[in-house]
Amino acid sequence: MESVTRWLLLTGAILSEVTASLSLKGALHHPALYALVAAGYVVSFVCLSLVLRRGIPLALAYGIWGAVGVALTAVLSSAIFGERLTALSGVGIALIIAGVLTVELGSRAAHAAPAPTAGDSPESGS
């Protein structure tokens with residue numbers, strides 16, 4: 001159940017950040033939306049801090065939050081505001097997601113490797 005809670009909180013952090021970002025664009029013409037911008041960012045950071053408190057590593061949580069946030073914001077801003085989403089934009093989004101996956105795989109490999117001992121220093125000749 002704790003694992004589900006972590007991922008629900010991360011989803012909440014992403015969705016509230018995307019909502020805040022999209023509202024920022026809308027607030028240029030409808031200033032009342034600035035309240036939604038502020039609330040969205042506050043909720044996003046609160047959810048993100050709760051995710052970290054529940055044990056998801058910072059690199060993973062922040063990476064997913066950022067990558068999914070960028071992808072959703074790009075797609076939704078295209079749908080809502082008619083902003084152009086090009087093939088090159090799609091490649092950029094894919095590269096961001098690939099980067100997050102690479103960081104996560106590297107993090108897992110680092111946790112799986114045995115920790116060096118005092119006798120494993122380069123000066124010891126081993």
# chains A, B, ... in the order shown; residues from 1 in each chain; ligands from 1
>>> residues_around(residues="range 1-11 of chain A", least_positions_apart="3", cutoff="10 Å", atoms="only C-alpha atoms", output="list in words")
Ile14, Leu15, Ser16, Glu17, Ser44, Phe45, Val46, Cys47, Leu48, Ser49, Leu50, Val51, Leu52, Arg53, Arg54, Gly55, Ile56, Ala61, Tyr62, Ile64, Trp65, Val68 and Gly69 of chain A
>>> closest_residue(among="A:Leu105, A:Leu88, A:Val37, A:Val42", to="Lys25 in chain A", atoms="only C-alpha atoms")
A:Val37
>>> closest_residue(among="A:Leu33, A:Leu60, A:Ala20, A:Ala27", to="Thr102 in chain A", atoms="only C-alpha atoms")
A:Leu60
>>> residues_around(residues="Glu83 in chain A", least_positions_apart="5", cutoff="12 Å", atoms="only C-alpha atoms", output="mmCIF file with N, CA and C atoms, in the first residue's frame")
data_model
loop_
_atom_site.group_PDB
_atom_site.id
_atom_site.type_symbol
_atom_site.label_atom_id
_atom_site.label_comp_id
_atom_site.auth_asym_id
_atom_site.auth_seq_id
_atom_site.Cartn_x
_atom_site.Cartn_y
_atom_site.Cartn_z
ATOM 1 N N LEU A 22 0.352 25.350 -17.104
ATOM 2 C CA LEU A 22 -0.639 25.707 -18.120
ATOM 3 C C LEU A 22 -1.444 26.932 -17.687
ATOM 4 N N LYS A 25 0.257 30.284 -18.456
ATOM 5 C CA LYS A 25 0.020 30.794 -19.814
ATOM 6 C C LYS A 25 -1.368 31.435 -19.894
ATOM 7 N N THR A 73 3.078 18.936 -20.377
ATOM 8 C CA THR A 73 2.896 20.357 -20.638
ATOM 9 C C THR A 73 3.000 20.648 -22.130
ATOM 10 N N ALA A 74 3.952 20.033 -22.799
ATOM 11 C CA ALA A 74 4.100 20.247 -24.241
ATOM 12 C C ALA A 74 2.875 19.759 -25.009
ATOM 13 N N VAL A 75 2.420 18.560 -24.699
ATOM 14 C CA VAL A 75 1.273 17.993 -25.403
ATOM 15 C C VAL A 75 -0.002 18.791 -25.102
ATOM 16 N N LEU A 76 -0.221 19.097 -23.828
ATOM 17 C CA LEU A 76 -1.440 19.816 -23.462
ATOM 18 C C LEU A 76 -1.426 21.266 -23.935
ATOM 19 N N SER A 77 -0.261 21.912 -23.951
ATOM 20 C CA SER A 77 -0.217 23.289 -24.451
ATOM 21 C C SER A 77 -0.489 23.315 -25.949
ATOM 22 N N SER A 78 -0.129 22.245 -26.635
ATOM 23 C CA SER A 78 -0.467 22.132 -28.051
ATOM 24 C C SER A 78 -1.978 21.998 -28.224
ATOM 25 N N SER A 89 10.481 18.509 -31.425
ATOM 26 C CA SER A 89 10.014 18.590 -30.036
ATOM 27 C C SER A 89 9.793 17.194 -29.479
#
>>> closest_residue(among="A:Ile80, A:Ala87, A:Ile93, A:Ala113", to="Gly26 in chain A", atoms="only C-alpha atoms")
A:Ile80
>>> closest_residue(among="A:Leu72, A:Leu28, A:Gly63, A:Gly12", to="Leu101 in chain A", atoms="only C-alpha atoms")
A:Gly63
>>> select_by_dssp(residues="range 7-125 of chain A", states="helix (DSSP H, G or I)", output="NGL selection string")
:A and (7-27 or 31-53 or 58-81 or 87-112 or 118-120 or 122-124)
>>> closest_residue(among="A:Ala79, A:Ala38, A:Thr19, A:Val100", to="Gly66 in chain A", atoms="only C-alpha atoms")
A:Val100
